[in-house]
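Shown next: structure_2.pdb, containing PDB, C-alpha atoms and all ligand atoms.
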```
MODEL        1
ATOM      1  CA  MET A 691     195.534 137.106  72.222
ATOM      2  CA  ILE A 692     196.949 137.623  68.751
ATOM      3  CA  LEU A 693     194.935 135.913  66.094
ATOM      4  CA  PRO A 694     196.766 134.260  63.232
ATOM      5  CA  LEU A 695     197.139 136.054  59.964
ATOM      6  CA  LEU A 696     196.887 133.100  57.667
ATOM      7  CA  PRO A 697     197.361 133.201  53.951
ATOM      8  CA  ALA A 698     193.925 133.377  52.435
ATOM      9  CA  LEU A 699     192.894 130.084  50.991
ATOM     10  CA  LEU A 700     189.299 129.577  50.179
ATOM     11  CA  LEU A 701     188.507 126.255  48.647
ATOM     12  CA  SER A 702     185.064 125.226  47.612
ATOM     13  CA  ILE A 703     183.925 122.072  45.972
ATOM     14  CA  VAL A 704     180.336 121.477  45.058
ATOM     15  CA  THR A 705     178.919 118.208  43.847
ATOM     16  CA  PRO A 706     175.184 118.146  43.248
ATOM     17  CA  ALA A 707     173.687 114.715  43.852
ATOM     18  CA  ALA A 708     170.450 113.233  42.552
ATOM     19  CA  ALA A 709     167.533 113.944  44.843
ATOM     20  CA  SER A 710     167.201 110.335  45.944
ATOM     21  CA  ASP A 711     170.896 109.829  46.706
ATOM     22  CA  TRP A 712     172.539 109.702  50.056
ATOM     23  CA  ALA A 713     175.577 111.860  50.724
ATOM     24  CA  LEU A 714     178.038 112.134  53.582
ATOM     25  CA  ALA A 715     180.870 114.552  54.353
ATOM     26  CA  ILE A 716     183.234 114.365  57.313
ATOM     27  CA  HIS A 717     186.007 116.535  58.710
ATOM     28  CA  GLY A 718     188.794 115.918  61.174
ATOM     29  CA  GLY A 719     189.588 119.540  61.908
ATOM     30  CA  ALA A 720     191.114 122.519  60.142
ATOM     31  CA  GLY A 721     194.184 124.572  60.900
ATOM     32  CA  VAL A 722     197.742 124.770  59.726
ATOM     33  CA  ILE A 723     198.120 121.325  58.153
ATOM     34  CA  GLU A 724     201.181 121.246  55.935
ATOM     35  CA  ARG A 725     202.954 118.445  54.080
ATOM     36  CA  LYS A 726     206.240 119.161  55.841
ATOM     37  CA  ASP A 727     204.668 118.230  59.194
ATOM     38  CA  PHE A 728     203.502 114.782  58.073
ATOM     39  CA  SER A 729     205.701 111.787  57.329
ATOM     40  CA  ALA A 730     204.405 109.441  54.649
ATOM     41  CA  ALA A 731     203.366 107.003  57.403
ATOM     42  CA  ASP A 732     201.505 109.712  59.368
ATOM     43  CA  ASP A 733     199.810 110.932  56.218
ATOM     44  CA  ALA A 734     198.658 107.372  55.459
ATOM     45  CA  ALA A 735     197.465 106.811  59.045
ATOM     46  CA  VAL A 736     195.384 110.008  59.041
ATOM     47  CA  ARG A 737     193.822 109.096  55.697
ATOM     48  CA  ALA A 738     193.122 105.551  56.904
ATOM     49  CA  ASP A 739     191.231 106.804  59.963
ATOM     50  CA  LEU A 740     189.272 109.304  57.881
ATOM     51  CA  GLY A 741     188.451 106.431  55.531
ATOM     52  CA  LYS A 742     187.200 104.240  58.375
ATOM     53  CA  ALA A 743     184.894 107.010  59.556
ATOM     54  CA  LEU A 744     183.609 107.685  56.063
ATOM     55  CA  ASP A 745     182.997 103.996  55.435
ATOM     56  CA  ALA A 746     181.192 103.532  58.769
ATOM     57  CA  GLY A 747     178.723 106.298  57.927
ATOM     58  CA  ALA A 748     178.433 105.370  54.249
ATOM     59  CA  ALA A 749     177.588 101.735  55.040
ATOM     60  CA  ILE A 750     174.597 102.866  57.105
ATOM     61  CA  LEU A 751     173.343 105.243  54.416
ATOM     62  CA  GLU A 752     173.885 102.700  51.630
ATOM     63  CA  ALA A 753     171.831 100.163  53.604
ATOM     64  CA  GLY A 754     168.995 102.683  53.875
ATOM     65  CA  GLY A 755     169.768 103.656  57.461
ATOM     66  CA  SER A 756     169.065 106.994  59.021
ATOM     67  CA  THR A 757     171.146 110.087  58.587
ATOM     68  CA  THR A 758     171.505 110.527  62.355
ATOM     69  CA  ASP A 759     172.861 106.986  62.744
ATOM     70  CA  ALA A 760     175.335 107.626  59.920
ATOM     71  CA  VAL A 761     176.593 110.866  61.480
ATOM     72  CA  LEU A 762     176.899 109.181  64.865
ATOM     73  CA  ALA A 763     178.841 106.266  63.397
ATOM     74  CA  ALA A 764     181.284 108.479  61.499
ATOM     75  CA  VAL A 765     181.941 110.835  64.414
ATOM     76  CA  THR A 766     182.322 107.944  66.870
ATOM     77  CA  VAL A 767     185.108 106.473  64.726
ATOM     78  CA  LEU A 768     186.871 109.844  64.573
ATOM     79  CA  GLU A 769     186.580 110.164  68.364
ATOM     80  CA  THR A 770     188.613 106.989  68.780
ATOM     81  CA  SER A 771     191.466 108.128  66.505
ATOM     82  CA  PRO A 772     194.459 109.775  68.201
ATOM     83  CA  TRP A 773     194.950 111.948  65.115
ATOM     84  CA  PHE A 774     191.987 114.205  65.673
ATOM     85  CA  ASN A 775     191.010 116.636  68.388
ATOM     86  CA  ALA A 776     188.000 114.816  69.839
ATOM     87  CA  ALA A 777     187.871 112.315  72.724
ATOM     88  CA  VAL A 778     191.102 110.255  72.321
ATOM     89  CA  GLY A 779     193.668 112.733  70.989
ATOM     90  CA  ALA A 780     191.849 115.811  72.275
ATOM     91  CA  THR A 781     193.738 118.970  73.154
ATOM     92  CA  PHE A 782     194.563 119.762  76.792
ATOM     93  CA  THR A 783     193.207 122.642  78.831
ATOM     94  CA  SER A 784     195.648 125.039  80.516
ATOM     95  CA  ALA A 785     195.215 122.862  83.629
ATOM     96  CA  GLY A 786     196.417 119.738  81.821
ATOM     97  CA  THR A 787     193.002 118.099  81.693
ATOM     98  CA  VAL A 788     190.741 117.217  78.771
ATOM     99  CA  GLU A 789     187.248 118.754  78.490
ATOM    100  CA  LEU A 790     185.105 117.636  75.581
ATOM    101  CA  ASP A 791     182.205 119.281  73.749
ATOM    102  CA  ALA A 792     179.809 117.675  71.240
ATOM    103  CA  ALA A 793     176.451 118.171  69.547
ATOM    104  CA  ILE A 794     174.164 116.337  67.166
ATOM    105  CA  MET A 795     171.088 117.580  65.310
ATOM    106  CA  GLU A 796     168.408 116.109  63.070
ATOM    107  CA  GLY A 797     167.136 118.211  60.188
ATOM    108  CA  ALA A 798     163.633 116.759  59.875
ATOM    109  CA  SER A 799     162.513 117.170  63.478
ATOM    110  CA  LEU A 800     164.984 119.905  64.508
ATOM    111  CA  ARG A 801     165.712 117.758  67.554
ATOM    112  CA  ALA A 802     169.199 118.211  68.997
ATOM    113  CA  GLY A 803     171.427 117.179  71.887
ATOM    114  CA  ALA A 804     174.577 118.951  73.115
ATOM    115  CA  VAL A 805     177.164 118.527  75.867
ATOM    116  CA  ALA A 806     180.116 120.618  77.033
ATOM    117  CA  GLY A 807     182.988 120.134  79.431
ATOM    118  CA  VAL A 808     182.586 116.371  79.517
ATOM    119  CA  SER A 809     185.622 114.684  81.081
ATOM    120  CA  THR A 810     184.895 110.991  81.706
ATOM    121  CA  THR A 811     182.421 109.918  79.036
ATOM    122  CA  LEU A 812     184.066 107.716  76.408
ATOM    123  CA  SER A 813     182.045 109.082  73.496
ATOM    124  CA  PRO A 814     180.724 112.653  73.860
ATOM    125  CA  ILE A 815     178.806 112.406  70.558
ATOM    126  CA  THR A 816     176.980 109.304  71.853
ATOM    127  CA  LEU A 817     176.110 111.265  74.981
ATOM    128  CA  ALA A 818     174.747 114.119  72.835
ATOM    129  CA  ARG A 819     172.669 111.594  70.865
ATOM    130  CA  THR A 820     171.353 110.026  74.074
ATOM    131  CA  LEU A 821     170.346 113.445  75.353
ATOM    132  CA  MET A 822     168.599 114.189  72.061
ATOM    133  CA  ASP A 823     166.663 110.925  72.220
ATOM    134  CA  LYS A 824     165.881 110.746  75.925
ATOM    135  CA  GLY A 825     165.846 114.357  77.117
ATOM    136  CA  PRO A 826     164.423 116.011  79.095
ATOM    137  CA  HIS A 827     167.000 118.755  78.377
ATOM    138  CA  LEU A 828     168.874 119.623  75.201
ATOM    139  CA  PHE A 829     172.221 120.825  76.590
ATOM    140  CA  LEU A 830     174.130 119.600  79.651
ATOM    141  CA  ALA A 831     177.582 120.683  80.850
ATOM    142  CA  GLY A 832     180.376 119.531  83.157
ATOM    143  CA  PRO A 833     180.104 116.814  85.789
ATOM    144  CA  ALA A 834     176.315 116.782  85.419
ATOM    145  CA  ALA A 835     176.703 115.766  81.783
ATOM    146  CA  ASP A 836     179.023 112.902  82.764
ATOM    147  CA  GLY A 837     176.545 112.014  85.514
ATOM    148  CA  TYR A 838     173.736 111.863  82.944
ATOM    149  CA  ALA A 839     175.936 109.579  80.836
ATOM    150  CA  ARG A 840     176.535 107.292  83.823
ATOM    151  CA  ALA A 841     172.829 107.216  84.611
ATOM    152  CA  ASN A 842     172.208 106.128  81.032
ATOM    153  CA  SER A 843     174.865 103.404  81.162
ATOM    154  CA  LEU A 844     177.287 105.110  78.768
ATOM    155  CA  THR A 845     180.885 103.938  79.217
ATOM    156  CA  GLN A 846     182.976 106.024  81.629
ATOM    157  CA  VAL A 847     186.775 106.239  81.504
ATOM    158  CA  PRO A 848     189.427 108.086  83.481
ATOM    159  CA  ASN A 849     190.316 111.457  81.946
ATOM    160  CA  SER A 850     193.770 110.032  81.135
ATOM    161  CA  HIS A 851     192.111 107.750  78.569
ATOM    162  CA  PHE A 852     191.935 110.783  76.259
ATOM    163  CA  HIS A 853     195.552 111.895  76.793
ATOM    164  CA  THR A 854     198.159 111.500  74.038
ATOM    165  CA  ASP A 855     201.841 112.474  74.042
ATOM    166  CA  ARG A 856     201.427 114.493  70.883
ATOM    167  CA  ARG A 857     198.799 116.755  72.446
ATOM    168  CA  PHE A 858     200.772 116.987  75.667
ATOM    169  CA  ARG A 859     203.778 118.261  73.709
ATOM    170  CA  GLN A 860     201.499 120.898  72.181
ATOM    171  CA  LEU A 861     200.411 121.928  75.673
ATOM    172  CA  GLU A 862     204.012 122.174  76.827
ATOM    173  CA  LEU A 863     204.884 124.320  73.836
ATOM    174  CA  TRP A 864     201.910 126.522  74.598
ATOM    175  CA  ARG A 865     202.974 126.804  78.239
ATOM    176  CA  LYS A 866     206.592 127.644  77.391
ATOM    177  CA  THR A 867     205.873 130.359  74.900
ATOM    178  CA  ALA A 868     203.378 133.039  75.804
ATOM    179  CA  ALA A 869     199.961 131.825  74.730
ATOM    180  CA  ALA A 870     199.809 134.568  72.135
ATOM    181  CA  ASP A 871     202.876 133.200  70.368
ATOM    182  CA  VAL A 872     201.283 129.901  69.471
ATOM    183  CA  PRO A 873     198.741 130.786  66.817
ATOM    184  CA  LEU A 874     195.269 129.442  67.348
ATOM    185  CA  SER A 875     195.543 127.743  63.985
ATOM    186  CA  HIS A 876     198.210 125.442  65.490
ATOM    187  CA  ARG A 877     196.153 124.704  68.578
ATOM    188  CA  MET A 878     192.832 123.577  67.203
ATOM    189  CA  GLY A 879     190.981 120.749  65.495
ATOM    190  CA  THR A 880     187.567 119.085  65.808
ATOM    191  CA  VAL A 881     185.689 116.278  64.096
ATOM    192  CA  GLY A 882     182.320 116.390  62.424
ATOM    193  CA  ALA A 883     179.970 114.813  59.920
ATOM    194  CA  VAL A 884     177.003 115.948  57.872
ATOM    195  CA  ALA A 885     174.737 113.575  55.997
ATOM    196  CA  ARG A 886     171.649 113.243  53.866
ATOM    197  CA  ASP A 887     169.838 109.939  53.715
ATOM    198  CA  ARG A 888     167.800 108.529  50.827
ATOM    199  CA  ALA A 889     164.622 109.948  52.334
ATOM    200  CA  GLY A 890     166.114 113.431  52.121
ATOM    201  CA  ASN A 891     166.682 113.899  55.834
ATOM    202  CA  LEU A 892     169.733 115.804  57.007
ATOM    203  CA  ALA A 893     171.812 115.516  60.183
ATOM    204  CA  ALA A 894     174.965 117.044  61.627
ATOM    205  CA  GLY A 895     177.320 116.013  64.411
ATOM    206  CA  THR A 896     180.433 117.684  65.831
ATOM    207  CA  SER A 897     182.816 116.637  68.626
ATOM    208  CA  THR A 898     185.893 118.458  69.927
ATOM    209  CA  GLY A 899     188.456 118.958  72.654
ATOM    210  CA  GLY A 900     188.476 122.667  71.814
ATOM    211  CA  LEU A 901     191.801 124.504  71.815
ATOM    212  CA  THR A 902     195.155 123.652  73.404
ATOM    213  CA  GLY A 903     195.514 125.763  76.539
ATOM    214  CA  LYS A 904     191.843 126.740  76.739
ATOM    215  CA  ALA A 905     190.732 127.717  80.221
ATOM    216  CA  PRO A 906     188.830 125.021  82.110
ATOM    217  CA  GLY A 907     185.148 125.715  81.541
ATOM    218  CA  ARG A 908     185.659 127.346  78.146
ATOM    219  CA  ILE A 909     183.085 126.244  75.572
ATOM    220  CA  GLY A 910     183.616 126.705  71.836
ATOM    221  CA  ASP A 911     181.315 126.739  68.845
ATOM    222  CA  ALA A 912     181.131 122.973  68.261
ATOM    223  CA  PRO A 913     178.318 122.140  70.722
ATOM    224  CA  LEU A 914     176.370 125.350  70.082
ATOM    225  CA  ILE A 915     173.429 124.705  67.790
ATOM    226  CA  GLY A 916     173.548 127.333  65.049
ATOM    227  CA  ALA A 917     177.238 128.147  65.561
ATOM    228  CA  GLY A 918     179.245 124.944  65.003
ATOM    229  CA  THR A 919     176.473 122.422  64.401
ATOM    230  CA  LEU A 920     173.149 122.694  62.567
ATOM    231  CA  ALA A 921     170.773 120.536  60.545
ATOM    232  CA  ASP A 922     167.548 121.854  59.074
ATOM    233  CA  ASN A 923     165.881 120.041  56.179
ATOM    234  CA  ARG A 924     164.675 123.400  54.868
ATOM    235  CA  CYS A 925     168.159 124.697  54.147
ATOM    236  CA  GLY A 926     171.085 122.416  54.917
ATOM    237  CA  THR A 927     173.380 120.847  57.444
ATOM    238  CA  VAL A 928     176.682 122.269  58.707
ATOM    239  CA  SER A 929     179.567 121.189  60.949
ATOM    240  CA  THR A 930     182.421 123.617  61.543
ATOM    241  CA  THR A 931     185.998 123.612  62.778
ATOM    242  CA  GLY A 932     188.048 126.659  63.599
ATOM    243  CA  THR A 933     188.559 129.527  65.984
ATOM    244  CA  GLY A 934     185.457 128.870  68.060
ATOM    245  CA  GLU A 935     184.946 132.301  69.586
ATOM    246  CA  ILE A 936     184.821 133.892  66.133
ATOM    247  CA  PHE A 937     182.593 131.151  64.719
ATOM    248  CA  ILE A 938     180.174 131.868  67.575
ATOM    249  CA  ARG A 939     180.247 135.612  66.912
ATOM    250  CA  ALA A 940     179.628 135.048  63.196
ATOM    251  CA  ARG A 941     176.824 132.537  63.980
ATOM    252  CA  VAL A 942     178.353 130.520  61.188
ATOM    253  CA  ALA A 943     175.995 127.560  60.758
ATOM    254  CA  SER A 944     172.732 129.421  61.228
ATOM    255  CA  GLN A 945     173.871 132.350  59.122
ATOM    256  CA  ILE A 946     174.653 130.010  56.208
ATOM    257  CA  CYS A 947     171.316 128.277  56.589
ATOM    258  CA  ASP A 948     169.335 131.504  56.912
ATOM    259  CA  ARG A 949     171.014 133.058  53.887
ATOM    260  CA  ALA A 950     169.946 129.999  51.870
ATOM    261  CA  ARG A 951     166.476 129.799  53.331
ATOM    262  CA  PHE A 952     165.403 133.423  53.530
ATOM    263  CA  ALA A 953     167.610 135.201  51.003
ATOM    264  CA  GLY A 954     167.620 132.389  48.437
ATOM    265  CA  GLN A 955     171.412 132.302  48.253
ATOM    266  CA  PRO A 956     172.972 129.127  46.850
ATOM    267  CA  LEU A 957     174.596 127.303  49.785
ATOM    268  CA  GLN A 958     178.005 127.636  48.210
ATOM    269  CA  LYS A 959     177.727 131.419  48.036
ATOM    270  CA  ALA A 960     176.253 131.624  51.528
ATOM    271  CA  ALA A 961     179.077 129.537  52.983
ATOM    272  CA  ASP A 962     181.757 131.458  51.055
ATOM    273  CA  GLU A 963     180.430 134.779  52.323
ATOM    274  CA  VAL A 964     180.127 133.636  55.933
ATOM    275  CA  LEU A 965     183.669 132.213  55.939
ATOM    276  CA  ALA A 966     184.893 135.493  54.461
ATOM    277  CA  GLU A 967     183.205 137.222  57.401
ATOM    278  CA  VAL A 968     185.004 134.850  59.802
ATOM    279  CA  LYS A 969     188.276 135.854  58.184
ATOM    280  CA  THR A 970     187.453 139.548  58.463
ATOM    281  CA  LEU A 971     186.832 139.043  62.171
ATOM    282  CA  GLY A 972     190.316 137.472  62.470
ATOM    283  CA  GLY A 973     189.233 133.843  62.519
ATOM    284  CA  SER A 974     190.178 130.825  60.476
ATOM    285  CA  GLY A 975     188.931 127.307  59.995
ATOM    286  CA  GLY A 976     186.636 125.395  57.757
ATOM    287  CA  LEU A 977     183.322 123.669  57.497
ATOM    288  CA  ILE A 978     181.398 120.966  55.720
ATOM    289  CA  VAL A 979     177.945 121.618  54.335
ATOM    290  CA  LEU A 980     175.280 119.549  52.621
ATOM    291  CA  GLY A 981     172.186 120.985  51.047
ATOM    292  CA  PRO A 982     168.721 119.447  51.042
ATOM    293  CA  LYS A 983     169.430 117.851  47.661
ATOM    294  CA  GLY A 984     172.650 116.325  48.946
ATOM    295  CA  ASP A 985     174.849 118.878  47.254
ATOM    296  CA  GLY A 986     178.094 118.430  49.120
ATOM    297  CA  MET A 987     181.026 120.665  49.634
ATOM    298  CA  PHE A 988     183.979 121.466  51.818
ATOM    299  CA  LEU A 989     185.024 125.015  52.488
ATOM    300  CA  LEU A 990     188.056 126.232  54.323
ATOM    301  CA  ASN A 991     189.967 129.425  54.811
ATOM    302  CA  SER A 992     192.846 127.840  56.718
ATOM    303  CA  LEU A 993     195.852 125.957  55.429
ATOM    304  CA  GLY A 994     194.200 122.577  55.466
ATOM    305  CA  MET A 995     191.344 120.491  56.755
ATOM    306  CA  HIS A 996     191.175 116.747  57.269
ATOM    307  CA  ARG A 997     188.122 115.889  55.236
ATOM    308  CA  GLY A 998     186.309 113.257  53.227
ATOM    309  CA  ARG A 999     183.084 112.714  51.371
ATOM    310  CA  ALA A1000     181.122 109.885  49.880
ATOM    311  CA  SER A1001     177.840 109.502  48.084
ATOM    312  CA  ALA A1002     175.625 106.907  46.451
ATOM    313  CA  GLY A1003     177.110 105.994  43.118
ATOM    314  CA  GLY A1004     180.626 105.455  44.396
ATOM    315  CA  LEU A1005     182.178 108.840  45.168
ATOM    316  CA  ARG A1006     184.783 108.360  47.921
ATOM    317  CA  GLU A1007     187.321 111.126  48.521
ATOM    318  CA  ILE A1008     189.730 111.812  51.357
ATOM    319  CA  LYS A1009     191.881 114.937  51.549
ATOM    320  CA  ILE A1010     194.089 116.698  54.044
ATOM    321  CA  TYR A1011     195.914 119.679  52.587
ATOM    322  CA  GLY A1012     194.420 122.917  51.338
ATOM    323  CA  ASP A1013     195.772 122.486  47.817
ATOM    324  CA  GLU A1014     194.382 118.972  47.242
TER     325      GLU A1014
HETATM  326  N1  LIG B   1     186.026 125.068  66.953
HETATM  327  C1  LIG B   1     186.700 124.368  68.019
HETATM  328  C2  LIG B   1     186.599 125.165  69.271
HETATM  329  O1  LIG B   1     186.778 126.366  69.218
HETATM  330  C3  LIG B   1     188.121 124.076  67.719
HETATM  331  C4  LIG B   1     188.386 123.658  66.314
HETATM  332  O2  LIG B   1     187.524 123.286  65.586
HETATM  333  O3  LIG B   1     189.501 123.691  65.884
HETATM  334  O4  LIG B   1     186.414 124.596  70.300
ENDMDL
END
```

What does the file become when written as structure tokens?
Amino acid sequence: MILPLLPALLLSIVTPAAASDWALAIHGGAGVIERKDFSAADDAAVRADLGKALDAGAAILEAGGSTTDAVLAAVTVLETSPWFNAAVGATFTSAGTVELDAAIMEGASLRAGAVAGVSTTLSPITLARTLMDKGPHLFLAGPAADGYARANSLTQVPNSHFHTDRRFRQLELWRKTAAADVPLSHRMGTVGAVARDRAGNLAAGTSTGGLTGKAPGRIGDAPLIGAGTLADNRCGTVSTTGTGEIFIRARVASQICDRARFAGQPLQKAADEVLAEVKTLGGSGGLIVLGPKGDGMFLLNSLGMHRGRASAGGLREIKIYGDE
């Protein structure tokens, strides 16, 4: 498979927040996201759904709620939007089905829940949260994960509930051309949120359909703790989006956190260097990071990332393209 050679674009934005402030960042996936592909109406619809997710999480944090609840609320909204590659609007596998991965983690307790290959559970991130809270395991996959959801009274839907025409057209394009001719950067997406609450606790959540044309059973970085999702109050919280296999090999989230924790690197520098490593390995994508003090940033090395951030004091930003 030929990996995309994307123009290098590394964008970093850092906003330190007061120690007692809450902060929230969300993403709706990275990849080749260019103005020419979005009508004004589509652009507005994407921004509106990002805004709803941001506001859902921000309302919980503003009211003094927990960081995990805020992450769950934001990701759940993104899962219901057809614009993003998670639950409704997810990419198709090569078999024409949808298989969903998700994870959530809490930075104070280091508790986590993760699921992969889910196909009938309405909200994979809610399933990951349920697993985190109720156990006894941390990670479940396939029909057993959906079975666990059923046993815990989580809403089940037919797999077709997640299907959209837009993603089906992407699958058809992928099927027509050799897989290698459709760059991964045109086949991906994911949603995620990272948050810090007023008490200083961090959390991360990520939910994805993976890549258009992925083999049934393929699992990406999103549900892997330390690759696509991580929260650790000692160093930061990370949710990624991009070429999953490379993000796994680069151990993106844990490498960023460990560089900050053990080598004393500022998070910004750590994240920049790890994303540069992803690029060297032939990958592309982006991530959102928050530090223990609520310092918030987006980073991407692809041509765009649906993203937003909010914090106590009124910051509310939503962006799509790499040059915004
Ligand atoms: N990282 C996801 C995966 O490989 C896809 C994406 O974020 O674009 O499953």

**OP:** Write as a ChimeraX atom specification the residues around ligand LIG 1 (chain B), taking 8 Å as the cut-off and counting only C-alpha atoms and all ligand atoms.
**Re:** /A:719-721,775,791,875,877-881,898-901,909-912,918,930-935,937,975

Original post:
By how many Å are CA of Arg999 (chain A) and CA of Asn891 (chain A) apart?
Top reply: 17.0 Å

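From CA of Arg819 (chain A) back to CA of Ala841 (chain A), the distance works out to 14.4 Å.
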
**OP:** Give the answer as one residue: which of A:Leu914, A:Gly986, A:Gly926, A:Arg859 has the shortest atom-to-atom distance to Ala792 (chain A), using all atoms listed in the file?
**Re:** A:Leu914

Name all residues at most 8 Å from Ile716 (chain A) (count only C-alpha atoms; drop same-chain ones fewer than 6 positions away) and give them as a tab-separated table (two decimals) with C-alpha atoms, in the frame of the given file.
```tsv
chain	number	residue	atom	x	y	z
A	740	LEU	CA	189.27	109.30	57.88
A	743	ALA	CA	184.89	107.01	59.56
A	744	LEU	CA	183.61	107.68	56.06
A	764	ALA	CA	181.28	108.48	61.50
A	881	VAL	CA	185.69	116.28	64.10
A	882	GLY	CA	182.32	116.39	62.42
A	883	ALA	CA	179.97	114.81	59.92
A	884	VAL	CA	177.00	115.95	57.87
A	978	ILE	CA	181.40	120.97	55.72
A	997	ARG	CA	188.12	115.89	55.24
A	998	GLY	CA	186.31	113.26	53.23
A	999	ARG	CA	183.08	112.71	51.37
```

**OP:** May I ask which of the residues A:Ser974, A:Thr820, A:Ser944, A:Thr927 is the closest one to Leu762 (chain A), counting all atoms listed in the file?
**Re:** A:Thr820

Give me, as a tab-separated table, each residue of region 898-926 of chain A that comes within 12 Å of region 957-970 of chain A, together with its shortest interatomic pair and the distance in Å at one decimal, counting only C-alpha atoms, with rows ordered by chain and rising residue number.
```
residue	atom	partner	partner_atom	distance
A:Ala917	CA	A:Val964	CA	11.5
A:Arg924	CA	A:Leu957	CA	11.8
A:Cys925	CA	A:Leu957	CA	8.2
A:Gly926	CA	A:Leu957	CA	7.9
```

**OP:** Skip region 829-838 of chain A itself and residues of its chain fewer than 3 positions away, then list as an NGL selection string all residues within 10 Å of it, counting all atoms listed in the file.
**Re:** :A and (789-793 or 802-812 or 814 or 817-818 or 820-822 or 825-826 or 841-846 or 907 or 909 or 913-915)

Original post:
If you measure from CA of Ala735 (chain A) to CA of Phe782 (chain A), what distance in Å do you get, rounded to one decimal?
Top reply: 22.2 Å

Listed atoms of region 748-756 of chain A boxed along x, y and z, 3 Å each side, centre and edge lengths in Å, one decimal, as JSON:
```
{"center_x": 173.7, "center_y": 103.6, "center_z": 55.3, "size_x": 15.4, "size_y": 12.8, "size_z": 13.4}
```
